[in-house]
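Undergrad: Quick one: the structure is below, questions incoming.
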Amino acid sequence: MNLQANYEQIPLKEYAERAYLDYSMYVVLDRALPFVGDGLKPVQRRIIYAMSELGLAATAKPKKSARTIGDVIGKFHPHGDTSCYEAMVLMAQPFSYRYPLVDGQGNFGSPDDPKSFAAMRYTESRLSPIAEALLSELGQGTVDWVANFDGTLEEPSWLPARLPHVLLNGSMGIAVGMATDIPPHNLREVASACIHLLEDPKASVAELCGHMPAPDYPTRAQIITPRQDLLAIYTTGTGSLRARAVYTREDGNIVITALPHQVSPAKVLEQIAAQMRAKKLPMIEDLRDESDHENPTRLVIVPRSSRIDVEQTMQHLFATTDMERSFRVNLNMIGLDGRPQVKDLKQILGEWLSFRTSTVTRRLNHRLDKVERRLHLLEGLRIAYLNLDEVIRIVRTEEEPKPVLMARFKLSTEQADYILETRLRQLARLEEMKITAEHDELEEERARIHVLLKSPAKLKRLIKDELAADAEKYGDARCSPLVEGEAAQALDESALVASEPLTVVLSRQGFARAAKGHDIDAEGLAYREGDGLRAAVNARTTQQVVFIDSTGRSYSTPAHTLPSARGNGEPLTGRFSPAAEASFDAVIAADNDTRLVLATDFGYGFVTRYANLLGRNKAGKQVINLTDGARILQPQASADPARDRIVVATTAGHLLMFSVAELPELDKGKGNKLIEIPRAKRLSGEERVAGIAVVTEGQGEVTLYAGQRKLTLRWADLVEYGGNRATRGSVLPRGLRRVERIAAGG
């Protein structure tokens, strides 16, 4: 005996390729994608068929879900009971399915957690009324039957759907190399589009969208996608649409009454609460969930005051939470040719109408066969009634009455058997009248069926009438309103922070922190050993703070993100990426349009707008070019360069005041000379600019500090030091010729 004859030897590459392709085709055709005819995947079809076989119609008493799932996996679908039960639960969830096919009793999950359903031993189920539209024509010759997995039973290849379920409830699935995302739609709108296509087979997708403008999700959230984009989705079969929550105002509060499909209220609350904890929603004071059985979705947002712009606040929440969500659309399904394809709306409705026409034709032919068979039997019975005495004689006297009856009255085998099986009580006169009436009714029905089968127009009319009747019986109003709108935009970060005063403190070692208020003694704060105050500025929590390092690069960060002044601060090298040898020398906070005077201790400077210092790059941006050995001075703000004056003091006691307008306004650069310092003294460090101050004409004053001594100069005093830019200036009194710093005031 040759054992090798029982084996097929093929290369591993070929075997792996064949096995993977077989698996791929199985996943595509028998698991992941719905069939355009009944809109179901195999597991869904088998669940519904198994429930119908168990007698679980909408009017029947429900049975344990475990019983149903046992039949499904034992007879038709040999897969995991958990996955099979999940498929049944999904068809029973009114928040998941637009038209649930299963009527579940017990815990079948909630919008907060769709998978929180009870185990199948605890729940009961039966079919919902609309499932009749899938099953009512099942035993009428409308489908092909195939053997189940073990060949002991037969199951339908598809269900004879009277409605296009592929669009009504939609479908989601991931196959090998492809996926499907079909949104649910409104039954009445879909039926109307089908009827229009029946009446006008040349109708365009745009005309069909006039009847079926958009998907219709189980929730009452708004669909904000423009109609042109929706038309593009139905024309190409792919795209995406956006749905947005619905809210109302009640007693000053914001009440969310509807969320997008498959969005958990608990998750939305968590997302809003997380922003509140991060102090990114200063306009919201409180948040609570008041959902109950009467109000499945009721989330209450309490604004901090009545002055809050509710529309702006909600736009931000739409953009930053799942209250506005994008849904992918991919109308991929298995067509009548048995192949997966992404179809446009006209293709889907056209193929389904072909499927429906074929189903109705098979149903009529099946009924016609039954009518003709019954008429054939009644014809034989009528012959027996007309020749009753002769029939009785043959039955009583002949040993084999059947062939004699067939020969005597020209009967078929079926007619002869039917006569012989007739009971004596059916020979009464009344029964003969009933048979005659039945015969006449069946003749009329046969004639009516013949007319329908021979007239395409009348067949169309029948399909239209049945569609309209089912739409009226099972249909309802649209759930998802169509409200065109743009995608929501989140508010700027500064708009989400309460405007509060801060004092930003920069230490000599490059540590930064922020203290609440403007009346802070920055020098009196605690510092690390060997560290001390470098600079401090007044800011607000809504502003960006700029730090400038010793290489002339600026770095910006939101003021409210700086650590509290209770500690020693945060090293700026952890927040930014300066050069290794760089140190942070200056800090400034202002509004974007504020003009600043940037200067170096070498006596050069220029005017720039605060916005030019801002940037998102952690490596900063170059704003002032520094000569080797030069250091940047603390920048000074100028509200009105035409009226403001800049006061420049050198370490050797020279003071000069001139108009800020004499300085150029640049985005970046070195600038022009502020005050004349002999080059030799500047390079040797003998004389540098100690600081600058900006004062307003006629009302400003400055204070000069030299060791333990200080001198305050009011406007009348400062006028004596006025001069032209780039001059030497005037010499201060003898005791203040070693100036260390200068500060504006008054």
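In the structure tokens, each chain is lettered A, B, ... as it comes, each chain's residues begin at 1, and ligands are numbered from 1 in order of appearance.
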Where in stretch 407-585 of chain A does DSSP assign helix (DSSP H, G or I), given as JSON, numbers by chain?
TA: {"A": [407, 408, 409, 413, 414, 415, 416, 417, 418, 419, 420, 424, 425, 426, 427, 429, 430, 431, 432, 433, 434, 435, 436, 437, 438, 439, 440, 441, 442, 443, 444, 445, 446, 447, 448, 449, 450, 451, 452, 453, 454, 456, 457, 458, 459, 460, 461, 462, 463, 464, 465, 466, 467, 468, 469, 470, 471, 472, 473, 474, 493, 494, 495, 496, 522, 523, 524, 559, 560, 561, 572, 573, 574, 575]}
Undergrad: Residues near A:Val689, anyone? I mean within 7 Å using only C-alpha atoms, not counting same-chain ones fewer than 5 positions away, as a PyMOL selection string.
TA: chain A and resi 601-603+649-651
Undergrad: Store the residues picked out above in a file with all heavy atoms, as a tab-separated table (two decimals), in the first residue's frame.
TA:
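That gives us selection-v6.tsv:
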```tsv
chain	number	residue	atom	x	y	z
A	601	ASP	N	23.92	96.34	27.12
A	601	ASP	CA	24.77	97.20	27.96
A	601	ASP	C	25.93	97.82	27.18
A	601	ASP	O	26.71	98.59	27.72
A	601	ASP	CB	25.27	96.43	29.18
A	601	ASP	CG	26.17	95.26	28.82
A	601	ASP	OD1	26.31	94.97	27.60
A	601	ASP	OD2	26.71	94.62	29.73
A	602	PHE	N	26.06	97.48	25.87
A	602	PHE	CA	27.02	98.15	25.01
A	602	PHE	C	26.46	99.45	24.46
A	602	PHE	O	27.16	100.18	23.75
A	602	PHE	CB	27.45	97.24	23.85
A	602	PHE	CG	28.63	96.36	24.18
A	602	PHE	CD1	28.91	96.00	25.49
A	602	PHE	CD2	29.47	95.89	23.18
A	602	PHE	CE1	29.99	95.18	25.79
A	602	PHE	CE2	30.56	95.08	23.48
A	602	PHE	CZ	30.81	94.73	24.79
A	603	GLY	N	25.16	99.74	24.75
A	603	GLY	CA	24.57	101.01	24.34
A	603	GLY	C	23.89	101.00	22.99
A	603	GLY	O	23.77	102.05	22.35
A	649	ALA	N	21.26	105.31	31.51
A	649	ALA	CA	22.29	105.61	32.51
A	649	ALA	C	23.45	104.66	32.35
A	649	ALA	O	23.25	103.45	32.15
A	649	ALA	CB	21.70	105.49	33.91
A	650	THR	N	24.68	105.20	32.43
A	650	THR	CA	25.86	104.34	32.34
A	650	THR	C	26.43	104.12	33.73
A	650	THR	O	26.16	104.88	34.67
A	650	THR	CB	26.94	104.94	31.43
A	650	THR	OG1	27.54	106.05	32.11
A	650	THR	CG2	26.35	105.39	30.10
A	651	THR	N	27.27	103.12	33.85
A	651	THR	CA	27.87	102.80	35.15
A	651	THR	C	28.86	103.87	35.60
A	651	THR	O	29.24	103.92	36.77
A	651	THR	CB	28.59	101.44	35.08
A	651	THR	OG1	29.57	101.49	34.03
A	651	THR	CG2	27.61	100.32	34.82
```
Undergrad: What lies within 10 Å of stretch 290-297 of chain A using only C-alpha atoms, ignoring chain neighbours under 2 positions off, as a list in words?
TA: Ser110, Pro111, Asp112, Thr219, Val255, Ile256, Thr257, Ala258, Leu259, Ser264, Pro265, Leu287, Arg288, Leu299 and Val300 of chain A
Undergrad: Could you name the residues that touch A:Ser499 at 7 Å or less, counting only C-alpha atoms, but leaving out those on the same chain fewer than 2 positions away, as an NGL selection string?
TA: :A and (497 or 501 or 540-542)
Undergrad: Residues near stretch 51-65 of chain A, anyone? I mean within 6 Å using only C-alpha atoms, not counting same-chain ones fewer than 5 positions away, as a PyMOL selection string.
TA: chain A and resi 120+123-129
Undergrad: List as a list in words the protein and nucleic acid residues near A:Tyr721, meaning an atom at most 7 Å away when only C-alpha atoms are counted, but skip any in the same chain fewer than 3 places from it.
TA: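 Listing them by chain and then by number gives Leu655, Leu656, Met657, Leu718, Gly729 and Ser730 of chain A.
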Undergrad: Could the residues in this selection be written to a file with all heavy atoms, as a PDB file, in the first residue's frame?
TA:
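Below is the file that was written, result_17.pdb:
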```
ATOM      1  N   LEU A 655      24.110 110.271  32.082  1.00  0.00           N
ATOM      2  CA  LEU A 655      22.662 110.102  31.929  1.00  0.00           C
ATOM      3  C   LEU A 655      22.210 110.876  30.702  1.00  0.00           C
ATOM      4  O   LEU A 655      22.612 112.037  30.501  1.00  0.00           O
ATOM      5  CB  LEU A 655      21.934 110.618  33.175  1.00  0.00           C
ATOM      6  CG  LEU A 655      20.440 110.273  33.272  1.00  0.00           C
ATOM      7  CD1 LEU A 655      20.274 108.780  33.553  1.00  0.00           C
ATOM      8  CD2 LEU A 655      19.768 111.081  34.392  1.00  0.00           C
ATOM      9  N   LEU A 656      21.362 110.225  29.885  1.00  0.00           N
ATOM     10  CA  LEU A 656      20.846 110.853  28.670  1.00  0.00           C
ATOM     11  C   LEU A 656      19.377 110.501  28.505  1.00  0.00           C
ATOM     12  O   LEU A 656      18.992 109.351  28.708  1.00  0.00           O
ATOM     13  CB  LEU A 656      21.638 110.379  27.437  1.00  0.00           C
ATOM     14  CG  LEU A 656      21.129 110.858  26.068  1.00  0.00           C
ATOM     15  CD1 LEU A 656      21.276 112.375  25.943  1.00  0.00           C
ATOM     16  CD2 LEU A 656      21.880 110.142  24.947  1.00  0.00           C
ATOM     17  N   MET A 657      18.575 111.506  28.134  1.00  0.00           N
ATOM     18  CA  MET A 657      17.158 111.264  27.844  1.00  0.00           C
ATOM     19  C   MET A 657      16.850 111.758  26.432  1.00  0.00           C
ATOM     20  O   MET A 657      17.246 112.871  26.070  1.00  0.00           O
ATOM     21  CB  MET A 657      16.268 111.992  28.859  1.00  0.00           C
ATOM     22  CG  MET A 657      14.780 111.741  28.625  1.00  0.00           C
ATOM     23  SD  MET A 657      13.715 112.541  29.869  1.00  0.00           S
ATOM     24  CE  MET A 657      13.814 114.248  29.326  1.00  0.00           C
ATOM     25  N   LEU A 718      14.703 115.723  34.945  1.00  0.00           N
ATOM     26  CA  LEU A 718      15.140 114.939  33.791  1.00  0.00           C
ATOM     27  C   LEU A 718      15.344 115.799  32.557  1.00  0.00           C
ATOM     28  O   LEU A 718      16.175 115.474  31.687  1.00  0.00           O
ATOM     29  CB  LEU A 718      14.104 113.833  33.488  1.00  0.00           C
ATOM     30  CG  LEU A 718      14.040 112.674  34.484  1.00  0.00           C
ATOM     31  CD1 LEU A 718      12.848 111.776  34.182  1.00  0.00           C
ATOM     32  CD2 LEU A 718      15.334 111.858  34.437  1.00  0.00           C
ATOM     33  N   GLY A 729      25.619 112.584  26.817  1.00  0.00           N
ATOM     34  CA  GLY A 729      24.758 112.839  27.945  1.00  0.00           C
ATOM     35  C   GLY A 729      25.429 113.714  28.981  1.00  0.00           C
ATOM     36  O   GLY A 729      26.546 114.228  28.785  1.00  0.00           O
ATOM     37  N   SER A 730      24.784 113.903  30.119  1.00  0.00           N
ATOM     38  CA  SER A 730      25.296 114.737  31.213  1.00  0.00           C
ATOM     39  C   SER A 730      25.742 113.861  32.371  1.00  0.00           C
ATOM     40  O   SER A 730      25.264 112.736  32.544  1.00  0.00           O
ATOM     41  CB  SER A 730      24.211 115.720  31.680  1.00  0.00           C
ATOM     42  OG  SER A 730      23.782 116.536  30.606  1.00  0.00           O
TER      43      SER A 730
END
```
Undergrad: What is the distance, in Å and to one decimal place, between atom CA of A:Arg249 and atom CA of A:Pro303?
TA: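 Rounded to one decimal, the two atoms are 10.9 Å apart.
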Undergrad: When you count only C-alpha atoms, which of these residues is closest to A:Ile73: A:Asp150, A:Asp667, A:Asp369, A:Asp38?
TA: A:Asp150
Undergrad: Show me, as a CSV table (one decimal) with all heavy atoms, in the first residue's frame, the residues that have an atom within 6 Å of A:Arg325 when counting only C-alpha atoms, minus same-chain residues fewer than 2 positions from it.
TA:
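selection.csv was written with the following content:
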```csv
chain,number,residue,atom,x,y,z
A,242,ARG,N,-20.1,64.7,10.1
A,242,ARG,CA,-20.0,65.2,11.4
A,242,ARG,C,-21.3,65.3,12.1
A,242,ARG,O,-22.3,65.8,11.5
A,242,ARG,CB,-19.3,66.5,11.5
A,242,ARG,CG,-17.9,66.5,11.0
A,242,ARG,CD,-17.1,67.8,11.2
A,242,ARG,NE,-16.7,67.9,12.6
A,242,ARG,CZ,-15.6,67.4,13.1
A,242,ARG,NH1,-14.8,66.7,12.4
A,242,ARG,NH2,-15.3,67.5,14.4
A,243,ALA,N,-21.4,64.8,13.3
A,243,ALA,CA,-22.6,65.0,14.2
A,243,ALA,C,-22.3,65.7,15.4
A,243,ALA,O,-21.2,65.6,16.0
A,243,ALA,CB,-23.2,63.6,14.5
A,322,ASP,N,-16.1,64.7,22.8
A,322,ASP,CA,-16.8,63.9,21.8
A,322,ASP,C,-18.2,64.4,21.6
A,322,ASP,O,-19.0,63.7,20.9
A,322,ASP,CB,-16.9,62.4,22.3
A,322,ASP,CG,-15.6,61.7,22.2
A,322,ASP,OD1,-14.8,62.2,21.5
A,322,ASP,OD2,-15.4,60.6,22.8
```
Undergrad: With only C-alpha atoms as the atoms that count, which of A:Ala743, A:Ala119, A:Asn186, A:Leu138 lies nearest to A:Tyr474?
TA: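 Between A:Ala743, A:Ala119, A:Asn186, A:Leu138, the residue approaching A:Tyr474 most closely is A:Asn186.
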Undergrad: Residues of stretch 115-156 of chain A classed as strand (DSSP E) by DSSP on the backbone are to be reported as a list in words.
TA: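 Restricting stretch 115-156 of chain A to strand (DSSP E) produces Glu124, Ser125, Arg126, Leu127, Trp145, Val146, Ala147, Glu154, Glu155 and Pro156 of chain A.
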Undergrad: Keeping only N, CA, C and O atoms, write the selected residues as an mmCIF file, in the first residue's frame.
TA:
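Contents of result26.cif, freshly written:
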```
data_model
loop_
_atom_site.group_PDB
_atom_site.id
_atom_site.type_symbol
_atom_site.label_atom_id
_atom_site.label_comp_id
_atom_site.auth_asym_id
_atom_site.auth_seq_id
_atom_site.Cartn_x
_atom_site.Cartn_y
_atom_site.Cartn_z
ATOM 1 N N GLU A 124 -33.595 37.580 28.385
ATOM 2 C CA GLU A 124 -34.544 36.901 27.498
ATOM 3 C C GLU A 124 -34.693 37.726 26.226
ATOM 4 O O GLU A 124 -34.445 38.935 26.227
ATOM 5 N N SER A 125 -35.125 37.068 25.172
ATOM 6 C CA SER A 125 -35.221 37.776 23.904
ATOM 7 C C SER A 125 -36.242 37.123 22.988
ATOM 8 O O SER A 125 -36.590 35.947 23.137
ATOM 9 N N ARG A 126 -36.691 37.936 22.065
ATOM 10 C CA ARG A 126 -37.555 37.490 20.971
ATOM 11 C C ARG A 126 -37.338 38.463 19.811
ATOM 12 O O ARG A 126 -36.653 39.469 19.961
ATOM 13 N N LEU A 127 -37.916 38.174 18.687
ATOM 14 C CA LEU A 127 -37.763 39.054 17.538
ATOM 15 C C LEU A 127 -38.628 40.294 17.698
ATOM 16 O O LEU A 127 -39.683 40.253 18.335
ATOM 17 N N TRP A 145 -31.623 27.343 -0.407
ATOM 18 C CA TRP A 145 -31.267 26.706 0.857
ATOM 19 C C TRP A 145 -29.970 25.937 0.680
ATOM 20 O O TRP A 145 -29.740 25.303 -0.349
ATOM 21 N N VAL A 146 -29.124 26.009 1.713
ATOM 22 C CA VAL A 146 -27.841 25.300 1.674
ATOM 23 C C VAL A 146 -27.707 24.481 2.953
ATOM 24 O O VAL A 146 -28.375 24.756 3.962
ATOM 25 N N ALA A 147 -26.834 23.485 2.904
ATOM 26 C CA ALA A 147 -26.604 22.654 4.087
ATOM 27 C C ALA A 147 -25.865 23.457 5.147
ATOM 28 O O ALA A 147 -25.047 24.322 4.834
ATOM 29 N N GLU A 154 -30.685 22.384 6.921
ATOM 30 C CA GLU A 154 -30.580 23.376 5.860
ATOM 31 C C GLU A 154 -30.820 24.763 6.440
ATOM 32 O O GLU A 154 -31.589 24.928 7.393
ATOM 33 N N GLU A 155 -30.151 25.749 5.862
ATOM 34 C CA GLU A 155 -30.343 27.137 6.280
ATOM 35 C C GLU A 155 -30.458 28.008 5.033
ATOM 36 O O GLU A 155 -29.944 27.653 3.964
ATOM 37 N N PRO A 156 -31.110 29.151 5.137
ATOM 38 C CA PRO A 156 -31.256 30.012 3.960
ATOM 39 C C PRO A 156 -29.951 30.723 3.631
ATOM 40 O O PRO A 156 -29.206 31.126 4.521
#
```
Undergrad: Calculate how many Å separate atom CA of A:Asn612 from atom CA of A:Val587, rounding to one decimal.
TA: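 We find that atom CA of A:Asn612 and atom CA of A:Val587 lie 14.5 Å from each other.
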Undergrad: Report, in Å to a single decimal, how far apart atom CA of A:Gly139 and atom CA of A:Pro164 are.
TA: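 These atoms are spaced 19.5 Å apart.
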Undergrad: Have a look at A:Thr236, A:Ser96, A:Ser583, A:Gln415 and name the one nearest to A:Pro183; count only C-alpha atoms.
TA: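 The answer is A:Ser96, which sits nearest to A:Pro183.
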Undergrad: Select, from A:Arg244, A:His185, A:Lys460, A:Arg609, the residue with the minimum atom-to-atom distance to A:Ala488, counting only C-alpha atoms.
TA: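 Ranked by minimum distance to A:Ala488, first place goes to A:Arg244.
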